[in-house]
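Read the structure below first, then the notes.
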Protein chains: 2
Amino acid sequence: MPSLAISLDDVRDAAERLRGVANRTPVHTSRTLNMLSGREVWLKCENFQRGGSFKFRGAYNAISRLGPAQRARGVVAFSSGNHAQGVALAAQLLGVPAVICMPDDAPPVKLAATRGYGAEVQIFERATVDRDSFARAIAEERGMTVIPPYDHPQIIAGQGTVALELLEQVDVLDALVIPVGGGGLIGGCAVAAKGLRPEIRIFGVETEGADDVRQSLERGERVTIAPPATVADGIRTTAPGHLTFPIIQQLVEQVLVVSDAAVLDALRFILLRLKLVAEPTGAVGLAAVLGGLLPPECRRVGVVLCGGNSDPMLLARLWEG
Amino acid sequence: MPSLAISLDDVRDAAERLRGVANRTPVHTSRTLNMLSGREVWLKCENFQRGGSFKFRGAYNAISRLGPAQRARGVVAFSSGNHAQGVALAAQLLGVPAVICMPDDAPPVKLAATRGYGAEVQIFERATVDRDSFARAIAEERGMTVIPPYDHPQIIAGQGTVALELLEQVDVLDALVIPVGGGGLIGGCAVAAKGLRPEIRIFGVETEGADDVRQSLERGERVTIAPPATVADGIRTTAPGHLTFPIIQQLVEQVLVVSDAAVLDALRFILLRLKLVAEPTGAVGLAAVLGGLLPPECRRVGVVLCGGNSDPMLLARLWEG
């Protein structure tokens, strides 16, 4: 087996860095959810993480390791979503200047939130400009360090602290169910969970049309798909990462696929019955559990509710028709 | 001073009854909230209580004390809101038949939720029928016991367990801030909190036009107002209770008044920043804190977020215009 980008010790190191900085997010349970799913379910509530999603963990872990000269010059990230807020907040706490490159169609609330954390926002035209080159040009010009959204050992290790905490909080889990975008969250969590308890089973979840990782596993190599249009905007990646894919190949049992409709049903359940605010991507794992997609012998299941930064307009539209 | 309807020991007895049955609800904090309010705030999250609000506590405490004959004949309650669900759920858990009298304009989701807990729903015409007489007629006809929404010692004692728990969870509070409808919640909480820590200061909160308790305190006697139209539908009572008013007179320092607009602002903050689903009444306490209505020397404040059963249509309308 090829050696993986990170080990359990890297996740433990990340947890040390995050102690007293990241929130130790709570775990919620629901009798109704257990009844409906026919399993015992524990929800790891990263919607209560600083910045509104797990992304803060990886960003802080990565930025906190920069040397004094790198810190002084600052960091660049490209994201219209939670990574932007995670990097902006982590940089602010560490006193590091941050430039966030966001597409010209990013929602105004996300722009405002990112600026609210003190970051400089650089807008690029999504239709004509490659975001990667745009960010790298800024990084080069200013001597800044790029903080990528998932394909980076310290990002993966930081996200893995979600599972490290969850297994400390609940020590009876048969399986973990985790949304899959670029693979940073599931990669880190898989290394942490399998390192602590080799018999635990790890399931990823993607949405229909956004199943680049499922296709990649099937093909045995990284597959790139067209930009997907799923409602789960946190997992609209087109390919798994160079570092994350080998971890997923080795440690993740299966990537399940749910429909956008199932995600929105799960999101309504989370809001109305669990009284938690999630974003659509945060409901992806629960959609798989409520859809009965897990093997029947997985009785005690940890589900990562990965974020809560829902666009209010989307919350409003949930109740139409 | 007149003797009060309940004592701290009654609240402790209720807590014993509720152990392992009611949820010990979590307490949430937020750096943003502390910064905005200029205080340290702890939110007691009764939106995570069974049935979606604190009402389950009092209902279960009261129904669990009925003798075998009373239990066999069952209970009646009138409510279009959280008390209906609290009584229905408590009765179901105790194997007691329950009739819930609801007005003909009650939202279909509330009817469905109440029936979902196994209760029989009796609809009355709100415009022409007195709900109290309607419920009492059913109780008499079938030999059932009426479970009133607030003016009952075991209901008040049950609701007081909210403060008992909160003071166990957070032992540094200067003040409690609690929404006031009929006074069951604030009455029970005031007895519990003042019993445990006599120097703690208790503030009630009502909305404009629904300030029957504030007026009653000012007048020194129970004042009845016209049915108020506030968005905080959980506190649309027209007068404090016979049992709750003397408790409020003796133990509550002041009843603050907030506007509906402030409640909706606080509700949006709870949803977007705290990632919690609350109902408007659940946001009333926070509205007072965010509005700066507390004396400046109250630095460490416990706020009861009393329920989360928001009408989805109201959540949708929050983002209009």
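Residues in the structure tokens are named by chain (A, B, ... in the order shown) and by number from 1 within that chain; ligands are numbered from 1 in the order shown.
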
Requested in this report: Would you mind writing down, as a PyMOL selection string, each residue of region 222-275 of chain A that DSSP on the backbone assigns to alpha helix (DSSP H)?
Outcome: chain A and resi 244-251+260-272

Report task. Using only C-alpha atoms, determine which residues lie at most 12 Å from Gly95 (chain B), disregarding the query and same-chain residues fewer than 4 positions distant; provide the list as a list in words. Result ->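 Result of the neighbour search: Tyr60, Ile63, Ser64, Leu66, Pro68, Gln70, Arg71, Ala72, Arg73, Gly74, Val75, Val87, Ala88, Leu89, Ala90, Ala91, Tyr117, Gly118 and Ala119 of chain B.
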
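Within 6 Å of chain A, counting only C-alpha atoms, chain B contributes B:Lys275, B:Leu276, B:Val277, B:Ala316.
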
Residue selection dump (N, CA and C atoms) as a JSON list (two decimals), in the first residue's frame:
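That gives us part.json:
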[["chain", "number", "residue", "atom", "x", "y", "z"],
["B", 275, "LYS", "N", -26.79, 29.33, 14.57],
["B", 275, "LYS", "CA", -27.13, 28.07, 13.89],
["B", 275, "LYS", "C", -28.13, 27.23, 14.67],
["B", 276, "LEU", "N", -28.99, 27.94, 15.43],
["B", 276, "LEU", "CA", -30.03, 27.27, 16.20],
["B", 276, "LEU", "C", -31.39, 27.64, 15.63],
["B", 277, "VAL", "N", -32.30, 26.67, 15.60],
["B", 277, "VAL", "CA", -33.67, 26.99, 15.20],
["B", 277, "VAL", "C", -34.47, 27.31, 16.46],
["B", 316, "ALA", "N", -39.56, 31.20, 6.58],
["B", 316, "ALA", "CA", -39.39, 31.64, 5.20],
["B", 316, "ALA", "C", -39.59, 33.16, 5.10]]

Could you name the residues that touch Val162 (chain B) at 12 Å or less, counting only C-alpha atoms, but leaving out those on the same chain fewer than 5 positions away, as a compact mmCIF listing (two decimals) with all heavy atoms, in the first residue's frame?
# COMPACT_ATOMS: atom_id res chain seq x y z
N VAL B 11 -39.26 22.11 43.03
CA VAL B 11 -38.51 22.06 41.76
C VAL B 11 -37.54 20.89 41.77
O VAL B 11 -37.38 20.17 40.77
CB VAL B 11 -37.78 23.40 41.51
CG1 VAL B 11 -37.05 23.37 40.16
CG2 VAL B 11 -38.76 24.57 41.54
N ARG B 12 -36.90 20.68 42.91
CA ARG B 12 -35.97 19.53 43.02
C ARG B 12 -36.73 18.21 42.86
O ARG B 12 -36.23 17.28 42.20
CB ARG B 12 -35.26 19.56 44.37
CG ARG B 12 -34.20 20.67 44.44
CD ARG B 12 -33.42 20.58 45.75
NE ARG B 12 -32.20 21.37 45.69
CZ ARG B 12 -31.80 22.20 46.65
NH1 ARG B 12 -32.50 22.32 47.77
NH2 ARG B 12 -30.68 22.87 46.51
N ALA B 14 -39.41 17.81 41.11
CA ALA B 14 -39.73 17.72 39.68
C ALA B 14 -38.52 17.23 38.89
O ALA B 14 -38.64 16.39 37.99
CB ALA B 14 -40.20 19.08 39.15
N ALA B 15 -37.35 17.75 39.26
CA ALA B 15 -36.12 17.33 38.56
C ALA B 15 -35.90 15.83 38.72
O ALA B 15 -35.47 15.15 37.78
CB ALA B 15 -34.92 18.11 39.08
N LEU B 18 -38.13 14.02 36.35
CA LEU B 18 -37.78 14.23 34.94
C LEU B 18 -36.45 13.58 34.57
O LEU B 18 -36.10 13.51 33.39
CB LEU B 18 -37.70 15.73 34.65
CG LEU B 18 -39.04 16.47 34.69
CD1 LEU B 18 -38.83 17.98 34.60
CD2 LEU B 18 -39.95 16.01 33.56
N ALA B 22 -36.85 13.83 30.60
CA ALA B 22 -36.63 15.09 29.87
C ALA B 22 -35.16 15.15 29.44
O ALA B 22 -34.29 14.54 30.06
CB ALA B 22 -36.95 16.28 30.78
N ASN B 23 -34.90 15.87 28.37
CA ASN B 23 -33.51 16.12 27.98
C ASN B 23 -32.88 17.13 28.92
O ASN B 23 -33.53 18.11 29.31
CB ASN B 23 -33.44 16.69 26.56
CG ASN B 23 -33.84 15.67 25.50
OD1 ASN B 23 -33.75 14.46 25.73
ND2 ASN B 23 -34.31 16.16 24.37
N ARG B 24 -31.65 16.86 29.33
CA ARG B 24 -30.85 17.89 29.99
C ARG B 24 -30.29 18.73 28.85
O ARG B 24 -29.31 18.36 28.21
CB ARG B 24 -29.72 17.24 30.79
CG ARG B 24 -28.92 18.19 31.62
CD ARG B 24 -27.92 17.40 32.47
NE ARG B 24 -27.00 18.29 33.14
CZ ARG B 24 -27.21 18.81 34.35
NH1 ARG B 24 -28.30 18.51 35.01
NH2 ARG B 24 -26.34 19.63 34.88
N THR B 25 -30.95 19.84 28.58
CA THR B 25 -30.64 20.58 27.35
C THR B 25 -29.29 21.29 27.45
O THR B 25 -28.88 21.71 28.53
CB THR B 25 -31.74 21.61 27.05
OG1 THR B 25 -31.92 22.43 28.20
CG2 THR B 25 -33.04 20.95 26.68
N PRO B 26 -28.61 21.43 26.32
CA PRO B 26 -27.29 22.05 26.33
C PRO B 26 -27.36 23.56 26.51
O PRO B 26 -28.40 24.18 26.33
CB PRO B 26 -26.73 21.71 24.95
CG PRO B 26 -27.90 21.51 24.08
CD PRO B 26 -29.00 20.97 24.98
N VAL B 27 -26.23 24.14 26.87
CA VAL B 27 -26.09 25.59 27.02
C VAL B 27 -25.12 26.06 25.94
O VAL B 27 -24.03 25.50 25.82
CB VAL B 27 -25.55 25.94 28.42
CG1 VAL B 27 -25.28 27.43 28.53
CG2 VAL B 27 -26.52 25.46 29.48
N LEU B 43 -26.92 30.63 26.71
CA LEU B 43 -28.27 30.36 26.23
C LEU B 43 -28.69 28.95 26.63
O LEU B 43 -28.06 27.96 26.21
CB LEU B 43 -28.31 30.43 24.71
CG LEU B 43 -28.41 31.80 24.06
CD1 LEU B 43 -28.23 31.65 22.55
CD2 LEU B 43 -29.75 32.45 24.37
N LYS B 44 -29.75 28.85 27.41
CA LYS B 44 -30.26 27.53 27.80
C LYS B 44 -31.22 27.07 26.70
O LYS B 44 -32.30 27.64 26.52
CB LYS B 44 -30.97 27.65 29.14
CG LYS B 44 -31.60 26.37 29.65
CD LYS B 44 -30.60 25.29 29.99
CE LYS B 44 -31.29 24.11 30.70
NZ LYS B 44 -30.41 22.91 30.72
N CYS B 45 -30.82 26.03 25.96
CA CYS B 45 -31.46 25.69 24.69
C CYS B 45 -32.63 24.71 24.85
O CYS B 45 -32.50 23.52 24.53
CB CYS B 45 -30.43 25.14 23.74
SG CYS B 45 -29.24 26.40 23.22
N GLU B 46 -33.76 25.23 25.30
CA GLU B 46 -34.95 24.39 25.42
C GLU B 46 -35.61 24.07 24.07
O GLU B 46 -36.56 23.31 24.02
CB GLU B 46 -35.96 25.03 26.38
CG GLU B 46 -35.54 24.94 27.83
CD GLU B 46 -35.56 23.50 28.33
OE1 GLU B 46 -36.62 22.87 28.32
OE2 GLU B 46 -34.49 23.00 28.73
N ASN B 47 -35.09 24.67 23.01
CA ASN B 47 -35.52 24.21 21.68
C ASN B 47 -35.12 22.75 21.46
O ASN B 47 -35.75 22.07 20.66
CB ASN B 47 -34.93 25.10 20.57
CG ASN B 47 -33.42 25.18 20.62
OD1 ASN B 47 -32.82 25.13 21.69
ND2 ASN B 47 -32.79 25.29 19.47
N GLN B 49 -35.40 20.54 23.85
CA GLN B 49 -36.18 19.72 24.77
C GLN B 49 -37.12 18.80 23.99
O GLN B 49 -37.48 19.10 22.85
CB GLN B 49 -36.99 20.62 25.72
CG GLN B 49 -37.68 19.89 26.86
CD GLN B 49 -36.77 18.94 27.60
OE1 GLN B 49 -36.72 17.74 27.33
NE2 GLN B 49 -35.99 19.50 28.54
N SER B 53 -39.95 22.27 23.24
CA SER B 53 -39.97 23.43 24.15
C SER B 53 -39.96 22.94 25.59
O SER B 53 -40.18 21.76 25.88
CB SER B 53 -41.21 24.30 23.92
OG SER B 53 -42.30 23.81 24.70
N PHE B 54 -39.78 23.90 26.52
CA PHE B 54 -39.75 23.58 27.96
C PHE B 54 -41.07 22.99 28.46
O PHE B 54 -41.12 22.44 29.57
CB PHE B 54 -39.43 24.84 28.76
CG PHE B 54 -40.58 25.83 28.78
CD1 PHE B 54 -41.52 25.82 29.80
CD2 PHE B 54 -40.73 26.76 27.75
CE1 PHE B 54 -42.58 26.72 29.81
CE2 PHE B 54 -41.80 27.65 27.74
CZ PHE B 54 -42.72 27.64 28.77
N LYS B 55 -42.14 23.11 27.69
CA LYS B 55 -43.47 22.75 28.19
C LYS B 55 -43.57 21.29 28.62
O LYS B 55 -44.39 20.94 29.47
CB LYS B 55 -44.52 23.03 27.10
CG LYS B 55 -44.78 24.50 26.86
CD LYS B 55 -45.60 25.11 27.99
CE LYS B 55 -46.07 26.51 27.62
NZ LYS B 55 -46.92 27.08 28.70
N PHE B 56 -42.73 20.44 28.01
CA PHE B 56 -42.75 19.02 28.37
C PHE B 56 -42.45 18.81 29.85
O PHE B 56 -42.98 17.91 30.49
CB PHE B 56 -41.74 18.25 27.51
CG PHE B 56 -41.57 16.82 27.91
CD1 PHE B 56 -42.57 15.89 27.67
CD2 PHE B 56 -40.41 16.39 28.54
CE1 PHE B 56 -42.41 14.57 28.04
CE2 PHE B 56 -40.25 15.08 28.91
CZ PHE B 56 -41.24 14.16 28.67
N ARG B 57 -41.58 19.66 30.40
CA ARG B 57 -41.15 19.48 31.80
C ARG B 57 -42.33 19.56 32.76
O ARG B 57 -42.55 18.68 33.60
CB ARG B 57 -40.12 20.55 32.17
CG ARG B 57 -38.83 20.48 31.37
CD ARG B 57 -37.91 21.65 31.74
NE ARG B 57 -36.67 21.66 30.98
CZ ARG B 57 -35.50 21.19 31.41
NH1 ARG B 57 -35.41 20.67 32.62
NH2 ARG B 57 -34.43 21.26 30.66
N GLY B 58 -43.09 20.64 32.65
CA GLY B 58 -44.22 20.81 33.56
C GLY B 58 -45.30 19.77 33.32
O GLY B 58 -45.89 19.24 34.27
N ILE B 156 -45.63 24.69 37.32
CA ILE B 156 -44.63 25.71 37.65
C ILE B 156 -43.32 25.06 38.12
O ILE B 156 -42.23 25.41 37.67
CB ILE B 156 -45.17 26.68 38.73
CG1 ILE B 156 -46.46 27.36 38.26
CG2 ILE B 156 -44.12 27.73 39.10
CD1 ILE B 156 -47.20 28.13 39.36
N ALA B 157 -43.46 24.05 39.00
CA ALA B 157 -42.26 23.37 39.52
C ALA B 157 -41.50 22.68 38.38
O ALA B 157 -40.27 22.71 38.33
CB ALA B 157 -42.65 22.36 40.60
N LEU B 167 -28.30 26.58 36.38
CA LEU B 167 -27.39 26.99 37.45
C LEU B 167 -26.39 25.88 37.82
O LEU B 167 -25.30 26.18 38.32
CB LEU B 167 -28.15 27.47 38.68
CG LEU B 167 -28.41 28.99 38.70
CD1 LEU B 167 -29.27 29.45 37.55
CD2 LEU B 167 -28.97 29.45 40.02
N GLU B 168 -26.75 24.63 37.55
CA GLU B 168 -25.76 23.56 37.69
C GLU B 168 -24.72 23.63 36.57
O GLU B 168 -23.55 23.36 36.77
CB GLU B 168 -26.45 22.18 37.62
CG GLU B 168 -27.18 21.78 38.89
CD GLU B 168 -28.07 20.56 38.68
OE1 GLU B 168 -27.92 19.86 37.65
OE2 GLU B 168 -28.94 20.31 39.53
N GLN B 169 -25.20 24.00 35.38
CA GLN B 169 -24.31 24.01 34.21
C GLN B 169 -23.38 25.23 34.20
O GLN B 169 -22.27 25.16 33.70
CB GLN B 169 -25.16 23.96 32.94
CG GLN B 169 -25.88 22.61 32.74
CD GLN B 169 -26.98 22.68 31.70
OE1 GLN B 169 -27.83 23.58 31.73
NE2 GLN B 169 -26.98 21.74 30.77
N LEU B 176 -30.79 36.15 35.26
CA LEU B 176 -31.51 35.30 34.30
C LEU B 176 -32.50 36.17 33.54
O LEU B 176 -33.13 37.06 34.12
CB LEU B 176 -32.30 34.20 35.02
CG LEU B 176 -31.52 33.08 35.69
CD1 LEU B 176 -32.53 32.03 36.23
CD2 LEU B 176 -30.55 32.43 34.72
N ILE B 178 -35.83 35.77 31.03
CA ILE B 178 -36.80 34.71 30.73
C ILE B 178 -38.06 35.31 30.12
O ILE B 178 -38.64 36.25 30.67
CB ILE B 178 -37.16 33.96 32.05
CG1 ILE B 178 -35.88 33.40 32.68
CG2 ILE B 178 -38.19 32.86 31.80
CD1 ILE B 178 -36.07 32.89 34.10
N GLY B 184 -45.58 30.61 34.10
CA GLY B 184 -45.15 29.31 34.62
C GLY B 184 -43.64 29.14 34.55
O GLY B 184 -43.00 28.73 35.52
N LEU B 185 -43.07 29.49 33.43
CA LEU B 185 -41.62 29.33 33.25
C LEU B 185 -40.84 30.27 34.17
O LEU B 185 -39.97 29.84 34.92
CB LEU B 185 -41.25 29.58 31.78
CG LEU B 185 -39.76 29.51 31.45
CD1 LEU B 185 -39.19 28.12 31.70
CD2 LEU B 185 -39.51 29.93 30.00
N ILE B 186 -41.18 31.54 34.12
CA ILE B 186 -40.41 32.48 34.94
C ILE B 186 -40.68 32.25 36.42
O ILE B 186 -39.77 32.41 37.25
CB ILE B 186 -40.67 33.95 34.54
CG1 ILE B 186 -39.54 34.85 35.09
CG2 ILE B 186 -42.04 34.44 35.00
CD1 ILE B 186 -39.57 36.27 34.58
N GLY B 187 -41.90 31.84 36.75
CA GLY B 187 -42.22 31.59 38.15
C GLY B 187 -41.38 30.45 38.71
O GLY B 187 -40.72 30.59 39.74
N GLY B 188 -41.39 29.33 38.00
CA GLY B 188 -40.61 28.17 38.45
C GLY B 188 -39.13 28.48 38.48
O GLY B 188 -38.42 28.13 39.42
N CYS B 189 -38.66 29.16 37.43
CA CYS B 189 -37.23 29.47 37.35
C CYS B 189 -36.81 30.44 38.45
O CYS B 189 -35.70 30.33 39.00
CB CYS B 189 -36.89 30.05 35.97
SG CYS B 189 -36.84 28.80 34.66
N ALA B 190 -37.67 31.41 38.76
CA ALA B 190 -37.34 32.38 39.80
C ALA B 190 -37.24 31.68 41.16
O ALA B 190 -36.30 31.95 41.93
CB ALA B 190 -38.39 33.50 39.84
N VAL B 191 -38.18 30.80 41.46
CA VAL B 191 -38.12 30.08 42.73
C VAL B 191 -36.85 29.24 42.81
O VAL B 191 -36.14 29.24 43.82
CB VAL B 191 -39.38 29.19 42.91
CG1 VAL B 191 -39.20 28.22 44.08
CG2 VAL B 191 -40.63 30.06 43.11
N ALA B 192 -36.53 28.54 41.73
CA ALA B 192 -35.33 27.69 41.73
C ALA B 192 -34.07 28.54 41.86
O ALA B 192 -33.21 28.27 42.71
CB ALA B 192 -35.28 26.87 40.44
N ALA B 193 -33.96 29.57 41.04
CA ALA B 193 -32.71 30.34 40.99
C ALA B 193 -32.50 31.14 42.28
O ALA B 193 -31.40 31.15 42.85
CB ALA B 193 -32.71 31.27 39.78
N GLY B 302 -27.73 34.48 31.98
CA GLY B 302 -28.35 33.28 31.43
C GLY B 302 -29.65 33.67 30.75
O GLY B 302 -30.47 34.38 31.33
N VAL B 303 -29.82 33.23 29.52
CA VAL B 303 -31.02 33.56 28.75
C VAL B 303 -31.71 32.25 28.38
O VAL B 303 -31.06 31.34 27.85
CB VAL B 303 -30.66 34.33 27.47
CG1 VAL B 303 -31.90 34.60 26.63
CG2 VAL B 303 -29.95 35.65 27.82
N VAL B 304 -33.00 32.16 28.66
CA VAL B 304 -33.72 30.94 28.30
C VAL B 304 -34.27 31.06 26.88
O VAL B 304 -35.13 31.89 26.61
CB VAL B 304 -34.86 30.65 29.31
CG1 VAL B 304 -35.60 29.38 28.90
CG2 VAL B 304 -34.29 30.50 30.72
N LEU B 305 -33.73 30.23 26.00
CA LEU B 305 -34.26 30.09 24.64
C LEU B 305 -35.33 29.01 24.76
O LEU B 305 -35.03 27.81 24.77
CB LEU B 305 -33.13 29.68 23.70
CG LEU B 305 -33.37 29.80 22.21
CD1 LEU B 305 -32.08 29.63 21.45
CD2 LEU B 305 -34.39 28.81 21.73
N CYS B 306 -36.60 29.44 24.91
CA CYS B 306 -37.60 28.54 25.49
C CYS B 306 -38.19 27.53 24.53
O CYS B 306 -38.76 26.53 24.97
CB CYS B 306 -38.70 29.36 26.16
SG CYS B 306 -39.51 30.50 25.05
N GLY B 307 -38.06 27.73 23.21
CA GLY B 307 -38.64 26.74 22.32
C GLY B 307 -38.22 26.92 20.88
O GLY B 307 -37.75 28.00 20.48

Query raised in the report: Can you list, as a ChimeraX atom specification, every residue of region 1-71 of chain B that DSSP puts in strand (DSSP E or B)?
Result: /B:27-28,40-45,53
